[in-house]
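Enquirer: What follows is my_file_29.cif, mmCIF, C-alpha atoms.
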data_coords
#
loop_
_atom_site.label_atom_id
_atom_site.label_comp_id
_atom_site.auth_asym_id
_atom_site.auth_seq_id
_atom_site.Cartn_x
_atom_site.Cartn_y
_atom_site.Cartn_z
CA MET Z 942 119.32 83.60 134.80
CA MET Z 943 117.43 81.73 132.08
CA PHE Z 944 113.90 81.50 130.74
CA GLN Z 945 112.40 78.02 130.61
CA GLU Z 946 110.11 78.68 127.65
CA ARG Z 947 110.34 81.07 124.75
CA LYS Z 948 107.43 83.47 124.22
CA LYS Z 949 106.83 83.91 120.51
CA THR Z 950 104.35 86.76 120.85
CA HIS Z 951 103.70 89.50 123.38
CA HIS Z 952 100.23 90.27 124.69
CA MET Z 953 99.22 92.15 127.81
CA GLY Z 954 95.95 90.23 128.23
CA SER Z 955 94.18 90.62 131.56
CA ARG Z 956 97.00 92.77 132.98
CA MET Z 957 95.62 95.74 131.03
CA ARG Z 958 92.49 95.89 133.21
CA GLN Z 959 94.10 97.93 135.95
CA PHE Z 960 94.76 100.71 133.42
CA VAL Z 961 91.18 100.90 132.07
CA GLU Z 962 89.19 104.04 132.71
CA ALA Z 963 85.51 104.70 131.96
CA PRO Z 964 84.42 103.94 128.37
CA VAL Z 965 84.61 106.89 126.01
CA SER Z 966 82.42 107.61 122.99
CA LEU Z 967 83.91 107.56 119.52
CA PRO Z 968 82.66 111.10 118.68
CA LYS Z 969 84.36 112.44 121.81
CA ALA Z 970 87.67 110.77 120.95
CA LEU Z 971 87.46 112.23 117.45
CA ASP Z 972 86.71 115.73 118.68
CA ALA Z 973 90.36 116.46 119.43
CA PRO Z 974 93.24 118.08 117.54
CA GLY Z 975 94.91 115.96 114.90
CA GLU Z 976 98.57 114.93 114.71
CA LYS Z 977 101.11 114.29 112.00
CA GLU Z 978 102.13 110.87 110.67
CA GLN Z 979 99.21 108.81 111.95
CA VAL Z 980 98.16 105.34 110.75
CA ILE Z 981 95.11 103.79 109.08
CA TYR Z 982 94.40 100.06 109.35
CA ILE Z 983 91.91 98.30 107.05
CA HIS Z 984 90.80 94.78 107.99
CA VAL Z 985 89.46 92.34 105.41
CA PRO Z 986 88.32 89.27 107.40
CA TYR Z 987 87.96 86.96 104.40
CA CYS Z 988 90.14 84.23 102.93
CA SER Z 989 89.80 81.96 99.92
CA ASN Z 990 91.91 79.38 101.77
CA ILE Z 991 92.59 78.82 105.47
CA CYS Z 992 96.23 78.05 106.29
CA SER Z 993 96.63 75.07 108.58
CA PHE Z 994 98.52 77.10 111.22
CA CYS Z 995 96.18 80.10 111.24
CA ASN Z 996 93.98 81.12 114.15
CA MET Z 997 93.39 84.71 113.06
CA ASN Z 998 90.23 86.82 113.00
CA ARG Z 999 89.00 85.73 109.56
CA THR Z 1000 86.43 83.60 107.73
CA LEU Z 1001 86.40 81.44 104.62
CA ASN Z 1002 83.24 83.18 103.41
CA LYS Z 1003 83.31 85.34 100.30
CA PRO Z 1004 83.28 89.11 100.91
CA LYS Z 1005 79.83 90.65 101.00
CA ASP Z 1006 78.92 92.71 97.95
CA ASP Z 1007 78.64 95.88 100.03
CA TYR Z 1008 81.77 95.35 102.13
CA ILE Z 1009 83.87 98.07 100.52
CA ASP Z 1010 80.85 100.39 100.52
CA LEU Z 1011 80.67 99.97 104.30
CA VAL Z 1012 84.41 100.57 104.73
CA ILE Z 1013 84.27 103.70 102.57
CA GLU Z 1014 81.28 104.93 104.57
CA GLN Z 1015 83.30 104.48 107.77
CA LEU Z 1016 86.21 106.33 106.18
CA LYS Z 1017 83.91 109.20 105.20
CA TYR Z 1018 82.65 109.42 108.78
CA TYR Z 1019 86.20 109.71 110.08
CA ALA Z 1020 86.95 112.34 107.42
CA GLY Z 1021 84.21 114.56 108.83
CA THR Z 1022 85.78 114.65 112.30
CA ARG Z 1023 88.39 117.02 113.65
CA ARG Z 1024 90.92 114.37 114.74
CA PHE Z 1025 91.04 112.76 111.31
CA ARG Z 1026 90.71 115.94 109.27
CA GLU Z 1027 93.63 117.63 111.03
CA SER Z 1028 95.87 114.56 110.94
CA THR Z 1029 98.28 113.45 108.25
CA PHE Z 1030 98.96 109.78 107.57
CA ALA Z 1031 102.36 108.14 107.15
CA SER Z 1032 101.13 104.57 106.78
CA VAL Z 1033 98.08 102.68 105.58
CA TYR Z 1034 97.94 98.93 106.18
CA PHE Z 1035 95.56 96.36 104.68
CA GLY Z 1036 95.46 93.25 106.87
CA GLY Z 1037 93.26 90.24 107.30
CA GLY Z 1038 92.31 87.68 106.36
CA THR Z 1039 93.54 88.23 102.87
CA PRO Z 1040 92.73 91.72 101.57
CA THR Z 1041 93.37 90.67 97.96
CA VAL Z 1042 90.36 88.32 97.96
CA LEU Z 1043 88.55 91.56 97.16
CA SER Z 1044 88.26 92.41 93.48
CA ALA Z 1045 90.66 94.83 91.85
CA LYS Z 1046 87.67 97.11 91.28
CA ASP Z 1047 86.79 97.21 94.99
CA LEU Z 1048 90.39 97.65 96.09
CA THR Z 1049 91.05 100.50 93.68
CA ARG Z 1050 87.70 102.08 94.58
CA PHE Z 1051 88.75 102.17 98.21
CA LEU Z 1052 92.23 103.43 97.37
CA ASP Z 1053 90.69 106.25 95.35
CA ALA Z 1054 88.49 107.15 98.33
CA LEU Z 1055 91.53 107.00 100.61
CA HIS Z 1056 93.37 109.57 98.51
CA ARG Z 1057 90.24 111.72 98.46
CA TYR Z 1058 89.41 111.72 102.18
CA ALA Z 1059 92.73 111.23 104.01
CA ASN Z 1060 95.65 113.67 104.19
CA LEU Z 1061 98.33 111.22 103.08
CA GLU Z 1062 101.98 112.14 103.53
CA PRO Z 1063 103.82 112.55 100.19
CA ASP Z 1064 105.91 109.46 101.02
CA VAL Z 1065 103.04 107.49 102.56
CA GLU Z 1066 103.58 103.74 102.84
CA ILE Z 1067 100.55 101.75 101.68
CA SER Z 1068 100.98 98.08 102.59
CA MET Z 1069 98.82 95.13 101.66
CA GLU Z 1070 98.95 91.57 102.93
CA THR Z 1071 98.35 88.95 100.26
CA SER Z 1072 98.81 85.39 99.15
CA LEU Z 1073 100.20 84.67 95.70
CA THR Z 1074 97.07 82.93 94.51
CA ASP Z 1075 94.82 85.88 95.38
CA LEU Z 1076 97.00 88.42 93.56
CA ASP Z 1077 97.21 87.82 89.82
CA MET Z 1078 99.31 90.18 87.74
CA ASP Z 1079 96.34 92.19 86.52
CA LYS Z 1080 95.21 92.90 90.09
CA PHE Z 1081 98.81 93.55 91.14
CA LYS Z 1082 99.26 96.19 88.45
CA GLN Z 1083 95.93 97.87 89.20
CA VAL Z 1084 96.46 98.25 92.95
CA VAL Z 1085 100.06 99.40 92.44
CA ALA Z 1086 98.81 102.03 89.99
CA ALA Z 1087 96.27 103.07 92.65
CA GLY Z 1088 99.00 103.64 95.27
CA VAL Z 1089 100.00 100.37 96.97
CA ASN Z 1090 103.80 100.44 97.36
CA ARG Z 1091 104.42 97.55 99.74
CA PHE Z 1092 103.22 93.94 99.85
CA SER Z 1093 103.58 91.38 102.61
CA ILE Z 1094 103.27 88.02 100.87
CA GLY Z 1095 102.49 84.86 102.81
CA ILE Z 1096 105.07 82.48 101.36
CA GLN Z 1097 105.87 80.78 104.74
CA THR Z 1098 108.20 78.27 103.01
CA PHE Z 1099 109.23 77.30 99.48
CA SER Z 1100 109.53 73.63 100.43
CA ASP Z 1101 106.83 71.56 98.75
CA ARG Z 1102 106.57 69.38 101.87
CA GLY Z 1103 106.32 72.43 104.10
CA ARG Z 1104 103.82 74.21 101.86
CA LYS Z 1105 101.55 71.18 101.95
CA LEU Z 1106 101.82 70.94 105.72
CA LEU Z 1107 101.11 74.64 106.23
CA GLY Z 1108 98.19 74.68 103.82
CA ARG Z 1109 99.79 76.88 101.16
CA ARG Z 1110 98.54 76.63 97.57
CA GLY Z 1111 100.94 76.19 94.69
CA ASP Z 1112 104.34 74.52 94.76
CA LYS Z 1113 107.84 75.99 94.99
CA ALA Z 1114 108.10 76.56 91.23
CA TYR Z 1115 104.79 78.46 91.25
CA ALA Z 1116 105.87 80.66 94.18
CA LEU Z 1117 109.20 81.50 92.54
CA ARG Z 1118 107.59 82.28 89.19
CA ARG Z 1119 105.02 84.63 90.74
CA LEU Z 1120 107.58 86.54 92.80
CA HIS Z 1121 109.87 86.91 89.78
CA GLU Z 1122 106.94 88.22 87.71
CA MET Z 1123 106.21 90.95 90.23
CA ARG Z 1124 109.87 91.85 90.70
CA ALA Z 1125 110.36 92.03 86.92
CA THR Z 1126 107.99 95.03 86.81
CA GLY Z 1127 110.55 97.00 88.82
CA PHE Z 1128 108.38 97.00 91.95
CA GLU Z 1129 110.65 97.38 95.01
CA GLY Z 1130 108.26 96.83 97.92
CA LEU Z 1131 108.02 93.04 98.02
CA ASN Z 1132 108.32 91.40 101.43
CA VAL Z 1133 107.65 87.78 102.31
CA ASP Z 1134 106.66 85.91 105.45
CA LEU Z 1135 108.87 82.98 106.46
CA ILE Z 1136 107.93 80.35 109.03
CA TYR Z 1137 110.73 78.25 110.47
CA ASN Z 1138 110.79 75.25 112.83
CA TRP Z 1139 107.79 73.60 111.22
CA PHE Z 1140 107.08 69.91 111.74
CA LYS Z 1141 109.94 67.80 110.30
CA GLU Z 1142 111.74 70.79 108.78
CA THR Z 1143 115.41 70.08 108.08
CA ASP Z 1144 118.43 72.36 107.98
CA GLU Z 1145 118.44 71.92 104.21
CA ASP Z 1146 114.82 73.10 104.02
CA LEU Z 1147 115.61 76.32 105.88
CA LEU Z 1148 118.82 76.99 103.95
CA GLU Z 1149 116.90 76.53 100.69
CA ASP Z 1150 114.26 79.02 101.87
CA ILE Z 1151 117.01 81.55 102.54
CA ASN Z 1152 118.46 80.88 99.10
CA MET Z 1153 115.05 81.42 97.47
CA ILE Z 1154 114.57 84.70 99.34
CA ARG Z 1155 117.89 85.88 97.93
CA ARG Z 1156 117.05 84.71 94.41
CA THR Z 1157 113.76 86.63 94.37
CA ASP Z 1158 115.50 89.83 95.55
CA VAL Z 1159 112.72 90.85 97.95
CA ALA Z 1160 113.22 93.87 100.20
CA GLY Z 1161 112.90 91.90 103.40
CA PHE Z 1162 111.26 89.01 105.18
CA SER Z 1163 109.41 88.36 108.41
CA LEU Z 1164 110.66 85.39 110.42
CA TYR Z 1165 108.30 83.50 112.67
CA SER Z 1166 108.93 80.33 114.61
CA LEU Z 1167 105.85 78.20 114.08
CA ILE Z 1168 103.23 78.59 116.79
CA ILE Z 1169 100.95 75.55 116.92
CA MET Z 1170 97.57 76.94 117.95
CA ASP Z 1171 95.18 74.42 119.48
CA ALA Z 1172 92.25 75.78 117.48
CA SER Z 1173 94.09 75.70 114.15
CA LYS Z 1174 93.87 72.86 111.64
CA LEU Z 1175 97.52 72.09 112.24
CA GLY Z 1176 97.07 71.99 116.00
CA ARG Z 1177 94.25 69.47 115.72
CA ARG Z 1178 96.10 67.48 113.09
CA LEU Z 1179 99.28 67.09 115.13
CA GLU Z 1180 97.58 66.08 118.38
CA SER Z 1181 98.18 62.43 117.60
CA HIS Z 1182 101.76 62.91 116.38
CA GLU Z 1183 104.94 63.13 118.38
CA VAL Z 1184 106.22 66.61 117.56
CA ASP Z 1185 109.54 68.01 118.70
CA THR Z 1186 108.66 71.39 120.23
CA SER Z 1187 111.83 71.59 122.30
CA LEU Z 1188 113.54 74.87 123.05
CA ALA Z 1189 116.80 73.39 121.69
CA ARG Z 1190 115.23 72.77 118.27
CA ASP Z 1191 113.69 76.24 118.18
CA ARG Z 1192 117.04 77.83 119.06
CA HIS Z 1193 118.88 75.71 116.49
CA PHE Z 1194 116.75 76.97 113.62
CA PHE Z 1195 116.88 80.57 114.85
CA ASP Z 1196 120.69 80.41 114.98
CA LEU Z 1197 120.86 78.83 111.52
CA LEU Z 1198 118.61 81.53 110.08
CA ASP Z 1199 120.50 84.34 111.79
CA ALA Z 1200 123.94 83.04 110.76
CA ASN Z 1201 122.98 82.79 107.10
CA THR Z 1202 121.30 86.20 106.79
CA ARG Z 1203 123.97 88.43 108.36
CA ASP Z 1204 123.86 90.78 105.37
CA TYR Z 1205 120.24 91.55 106.25
CA GLU Z 1206 119.58 93.82 109.24
CA TYR Z 1207 116.96 93.45 111.95
CA LEU Z 1208 114.22 96.03 111.67
CA GLU Z 1209 112.37 94.50 114.61
CA LEU Z 1210 112.22 91.22 116.52
CA THR Z 1211 110.58 89.33 113.64
CA LYS Z 1212 111.68 91.34 110.62
CA LYS Z 1213 114.91 91.46 108.60
CA ILE Z 1214 115.53 93.70 105.60
CA MET Z 1215 118.18 94.45 103.04
CA PRO Z 1216 119.64 97.74 104.33
CA GLY Z 1217 117.60 100.71 103.17
CA ARG Z 1218 115.03 98.65 101.23
CA ASP Z 1219 112.09 98.59 103.65
CA ARG Z 1220 110.90 100.95 106.39
CA TYR Z 1221 107.75 99.17 107.62
CA ARG Z 1222 106.35 102.49 108.83
CA TYR Z 1223 103.13 100.87 110.03
CA ILE Z 1224 104.87 99.21 112.96
CA ARG Z 1225 107.26 102.08 113.58
CA GLN Z 1226 104.48 104.68 113.78
CA ARG Z 1227 102.45 102.50 116.15
CA ILE Z 1228 105.48 102.06 118.39
CA LYS Z 1229 105.76 105.85 118.51
CA GLY Z 1230 102.22 105.94 119.91
CA LYS Z 1231 100.51 107.32 116.82
CA ASP Z 1232 96.78 106.79 116.31
CA THR Z 1233 95.62 103.76 114.33
CA PHE Z 1234 92.23 104.47 112.79
CA PRO Z 1235 90.45 101.09 112.36
CA LEU Z 1236 88.40 100.46 109.22
CA GLY Z 1237 86.48 97.30 108.43
CA ALA Z 1238 84.87 94.42 110.29
CA GLY Z 1239 87.18 93.09 112.99
CA ALA Z 1240 89.64 95.98 112.72
CA GLY Z 1241 91.31 97.13 115.91
CA GLY Z 1242 93.08 100.38 116.63
CA GLY Z 1243 93.46 103.31 118.96
CA ILE Z 1244 92.50 106.97 118.76
CA GLY Z 1245 94.04 109.20 121.39
CA ARG Z 1246 93.64 107.34 124.69
CA MET Z 1247 90.81 105.15 123.38
CA ALA Z 1248 91.23 101.58 122.14
CA LEU Z 1249 88.59 100.51 119.63
CA MET Z 1250 87.62 97.18 118.05
CA ASN Z 1251 85.08 97.04 115.25
CA PRO Z 1252 82.65 94.09 115.42
CA ILE Z 1253 83.63 91.12 113.25
CA LYS Z 1254 80.11 89.95 112.33
CA ILE Z 1255 79.03 91.74 109.19
CA ASP Z 1256 75.51 92.67 110.40
CA ASP Z 1257 76.96 94.08 113.63
CA PHE Z 1258 79.52 95.99 111.58
CA ARG Z 1259 76.76 97.47 109.40
CA HIS Z 1260 75.03 98.76 112.54
CA HIS Z 1261 78.35 100.06 113.84
CA VAL Z 1262 78.90 102.06 110.63
CA ALA Z 1263 75.34 103.35 110.56
CA HIS Z 1264 75.39 104.56 114.18
CA PRO Z 1265 78.88 105.87 115.03
CA GLU Z 1266 77.40 108.12 117.72
CA ALA Z 1267 76.63 104.98 119.75
CA VAL Z 1268 80.14 103.48 119.48
CA ARG Z 1269 82.17 103.22 122.68
CA GLY Z 1270 85.79 102.29 123.20
CA MET Z 1271 88.01 101.61 126.20
CA ALA Z 1272 90.00 104.51 127.57
CA PHE Z 1273 93.36 103.84 129.22
CA THR Z 1274 95.29 105.88 131.73
CA ASP Z 1275 98.23 108.10 130.85
CA ALA Z 1276 100.43 105.79 132.94
CA TYR Z 1277 99.61 102.88 130.62
CA TYR Z 1278 100.59 104.77 127.49
CA LYS Z 1279 103.77 106.06 129.09
CA ILE Z 1280 105.04 102.59 129.96
CA LYS Z 1281 103.76 101.12 126.68
CA ARG Z 1282 105.58 103.69 124.55
CA GLY Z 1283 108.71 103.26 126.63
CA LEU Z 1284 108.79 99.48 126.32
CA ASP Z 1285 107.41 99.13 122.78
CA THR Z 1286 110.74 100.31 121.40
CA LEU Z 1287 112.14 96.94 122.51
CA GLN Z 1288 110.36 95.51 119.49
CA THR Z 1289 112.86 97.51 117.45
CA LEU Z 1290 115.72 96.21 119.60
CA TYR Z 1291 116.44 99.07 122.01
CA TYR Z 1292 115.21 100.75 125.19
CA ASP Z 1293 115.95 104.33 126.26
CA PRO Z 1294 116.03 104.56 130.07
CA ALA Z 1295 115.30 108.29 129.82
CA SER Z 1296 111.81 107.46 128.49
CA LEU Z 1297 110.66 106.11 131.86
CA ALA Z 1298 113.40 106.93 134.40
CA ASP Z 1299 112.47 103.80 136.36
CA GLU Z 1300 115.28 102.36 138.48
CA ARG Z 1301 113.68 98.93 138.88
CA LEU Z 1302 113.40 98.60 135.12
CA ASN Z 1303 117.01 99.69 134.73
CA ARG Z 1304 118.09 97.04 137.22
CA TRP Z 1305 116.19 94.42 135.20
CA PHE Z 1306 117.92 95.49 132.01
CA ASP Z 1307 121.27 95.46 133.81
CA GLN Z 1308 120.54 91.81 134.63
CA CYS Z 1309 119.83 91.28 130.93
CA ILE Z 1310 123.31 92.63 130.18
CA GLU Z 1311 124.80 90.13 132.65
CA ALA Z 1312 122.86 87.36 130.92
CA GLY Z 1313 124.24 88.40 127.52
CA TRP Z 1314 120.88 89.57 126.17
CA MET Z 1315 121.63 93.30 126.07
CA TYR Z 1316 124.46 95.81 125.94
CA ARG Z 1317 124.75 99.57 126.47
CA GLN Z 1318 125.28 101.95 123.57
CA ASP Z 1319 124.88 105.75 123.50
CA GLY Z 1320 122.95 105.68 126.76
CA THR Z 1321 120.44 103.06 125.57
CA TYR Z 1322 120.00 99.34 126.15
CA ARG Z 1323 120.34 97.28 122.95
CA LEU Z 1324 119.37 93.66 122.31
CA THR Z 1325 122.09 91.19 121.36
CA LYS Z 1326 121.35 88.21 119.09
CA ASP Z 1327 120.45 86.20 122.21
CA GLY Z 1328 118.26 89.08 123.30
CA ILE Z 1329 116.40 89.04 119.98
CA PHE Z 1330 115.69 85.33 120.46
CA TRP Z 1331 114.32 86.04 123.96
CA GLY Z 1332 112.85 89.41 122.98
CA ASN Z 1333 109.22 88.76 123.89
CA ASN Z 1334 110.25 87.24 127.22
CA ILE Z 1335 112.35 90.33 128.00
CA ILE Z 1336 109.46 92.66 127.15
CA ASP Z 1337 107.03 90.55 129.17
CA GLU Z 1338 109.29 90.55 132.24
CA ALA Z 1339 109.81 94.31 131.92
CA TRP Z 1340 106.04 94.73 132.15
CA ASN Z 1341 106.01 92.46 135.20
CA VAL Z 1342 108.67 94.58 136.88
CA PHE Z 1343 106.72 97.74 136.19
CA LEU Z 1344 103.40 96.27 137.36
CA ASP Z 1345 104.96 94.85 140.52
CA GLU Z 1346 106.28 98.31 141.30
CA ALA Z 1347 102.94 99.96 140.50
CA GLN Z 1348 101.11 97.57 142.83
CA ALA Z 1349 103.63 97.81 145.67
#
Please express what this file holds, its structure, as structure tokens.

Expert:
Amino acid sequence: MMFQERKKTHHMGSRMRQFVEAPVSLPKALDAPGEKEQVIYIHVPYCSNICSFCNMNRTLNKPKDDYIDLVIEQLKYYAGTRRFRESTFASVYFGGGTPTVLSAKDLTRFLDALHRYANLEPDVEISMETSLTDLDMDKFKQVVAAGVNRFSIGIQTFSDRGRKLLGRRGDKAYALRRLHEMRATGFEGLNVDLIYNWFKETDEDLLEDINMIRRTDVAGFSLYSLIIMDASKLGRRLESHEVDTSLARDRHFFDLLDANTRDYEYLELTKKIMPGRDRYRYIRQRIKGKDTFPLGAGAGGGIGRMALMNPIKIDDFRHHVAHPEAVRGMAFTDAYYKIKRGLDTLQTLYYDPASLADERLNRWFDQCIEAGWMYRQDGTYRLTKDGIFWGNNIIDEAWNVFLDEAQA
């Protein structure tokens, strides 16, 4: 048994349609009891520079002057509802785009409002995505003082050749200097993004990236095999080039990365940490099925059984904030959430058969054991190193098994 192509992401896509119920209003979803350890997601769909590989929900435009005012207004609306008021929050995540294109004043103003209107857990994790060039030391110190305790920094690679290819600003020396400056303050929550298997990357390039990660003493790093999106600058640029996108090359770099970071532990399929240095509660709480309250233009989340996506266009978002009573989201069946919560744990490298008690799924995972992708431990199925490489394929096929059974 072998997959012919490696899936680098996992999306349900059109298969979700069979689980959709009638649309539900936002006020109705919010008129329900709260829960502990929920999540807040803030989307900032602006960038001062577009990376060549990026195809995300963002724009190169400057943030509108009233953007944070709108986000705070949306937060205040949530705060007046039962679901939000009775909930506590374990994680707050700023994504984008690049949240740090906002001024320190706007970011701290929102963080102050967050502490005022949300019941944050005493050990709440407040994460912020950033580039190095959009986070000078003055802004860094201000947002840390206002409560940010975790950064996800888009390094991608320290190689000057690779940084140029991927559209990163600043060279290797600049990246190292900036990371050392932040670490020198005693801040523990630095994490970096690493892309491997980029066009013409060598073994030496990847080994040097690993060495630089060690030298900067960050808490952990995300590891992504480059996905060449057709709509990205890189995708268009490489159309006329012969690019090696073979499975063998992808596996070679994964194995090289894994073999040289054995002292780091996998937190999830695409995340390795120094033991005990990063929790990444945002992902872990979402995997547990906790609500994700979406704030900002283009933010997506889920409240109870309702999935919600805020409009990305700023004028539509203004109307959305001004008229929350008219907002509708998609409601999904209990069956969808049951299977989703059961299988989402595979992102963190295990599956508990007791969560679903589905014999066809168990037979599929038994086949994964035969293939060397999983093993049994304490009654659960666990991913091996090979299983981590094929993780998204394994999750995708598990969904297929479940859907085939549901439709039979």

Enquirer: Might you pull out every residue within 9 Å of Z:Leu1117, with all atoms listed in the file counted and same-chain residues fewer than 2 positions away left off, and present them as a list in words?

Expert: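 Skipping anything fewer than 2 positions along the chain leaves Phe1099, Asp1112, Lys1113, Ala1114, Tyr1115, Arg1119, Leu1120, His1121, Glu1122, Met1153, Arg1156 and Thr1157 of chain Z.
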
Enquirer: Mind giving me the straight-line distance from atom CA of Z:Val1033 to atom CA of Z:Val980 in Å, one decimal?

Expert: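 One can read the atom CA of Z:Val1033 to atom CA of Z:Val980 distance as 5.8 Å.
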
Enquirer: Name all residues at most 12 Å from Z:Gln1318 (count all atoms listed in the file; drop same-chain ones fewer than 4 positions away) and give them as a VMD selection string.

Expert: chain Z and resid 1290 to 1294 1310 1322 to 1325

Enquirer: List the neighbours of Z:Gln1097 out to 10 Å using only C-alpha atoms; skip same-chain residues closer than 2 positions along the sequence, and give me the result as a PyMOL selection string.

Expert: chain Z and resi 1094-1095+1099-1100+1103-1104+1107-1109+1133-1137+1139+1150+1162-1165+1167

Enquirer: Stretch 1277-1285 of chain Z: which residues within 9 Å, counting all atoms listed in the file, same-chain residues fewer than 2 positions away excluded, as a list in words?

Expert: Met957, Phe960, Val961, Arg1227, Ile1228, Lys1229, Gly1230, Arg1246, Phe1273, Thr1274, Asp1275, Leu1287, Gln1288, Thr1289, Tyr1291, Tyr1292, Asp1293, Pro1294, Ala1295, Ser1296, Leu1297, Ile1336, Ala1339, Trp1340 and Phe1343 of chain Z

Enquirer: Just write the chosen residues, C-alpha atoms, as an mmCIF file, keeping the file's coordinate frame.

Expert:
data_model
loop_
_atom_site.group_PDB
_atom_site.id
_atom_site.type_symbol
_atom_site.label_atom_id
_atom_site.label_comp_id
_atom_site.auth_asym_id
_atom_site.auth_seq_id
_atom_site.Cartn_x
_atom_site.Cartn_y
_atom_site.Cartn_z
ATOM 1 C CA MET Z 957 95.620 95.740 131.030
ATOM 2 C CA PHE Z 960 94.760 100.710 133.420
ATOM 3 C CA VAL Z 961 91.180 100.900 132.070
ATOM 4 C CA ARG Z 1227 102.450 102.500 116.150
ATOM 5 C CA ILE Z 1228 105.480 102.060 118.390
ATOM 6 C CA LYS Z 1229 105.760 105.850 118.510
ATOM 7 C CA GLY Z 1230 102.220 105.940 119.910
ATOM 8 C CA ARG Z 1246 93.640 107.340 124.690
ATOM 9 C CA PHE Z 1273 93.360 103.840 129.220
ATOM 10 C CA THR Z 1274 95.290 105.880 131.730
ATOM 11 C CA ASP Z 1275 98.230 108.100 130.850
ATOM 12 C CA LEU Z 1287 112.140 96.940 122.510
ATOM 13 C CA GLN Z 1288 110.360 95.510 119.490
ATOM 14 C CA THR Z 1289 112.860 97.510 117.450
ATOM 15 C CA TYR Z 1291 116.440 99.070 122.010
ATOM 16 C CA TYR Z 1292 115.210 100.750 125.190
ATOM 17 C CA ASP Z 1293 115.950 104.330 126.260
ATOM 18 C CA PRO Z 1294 116.030 104.560 130.070
ATOM 19 C CA ALA Z 1295 115.300 108.290 129.820
ATOM 20 C CA SER Z 1296 111.810 107.460 128.490
ATOM 21 C CA LEU Z 1297 110.660 106.110 131.860
ATOM 22 C CA ILE Z 1336 109.460 92.660 127.150
ATOM 23 C CA ALA Z 1339 109.810 94.310 131.920
ATOM 24 C CA TRP Z 1340 106.040 94.730 132.150
ATOM 25 C CA PHE Z 1343 106.720 97.740 136.190
#

Enquirer: Could you please determine the separation between atom CA of Z:Tyr1221 and atom CA of Z:Glu1066 in Å, to one decimal place?

Expert: 7.8 Å
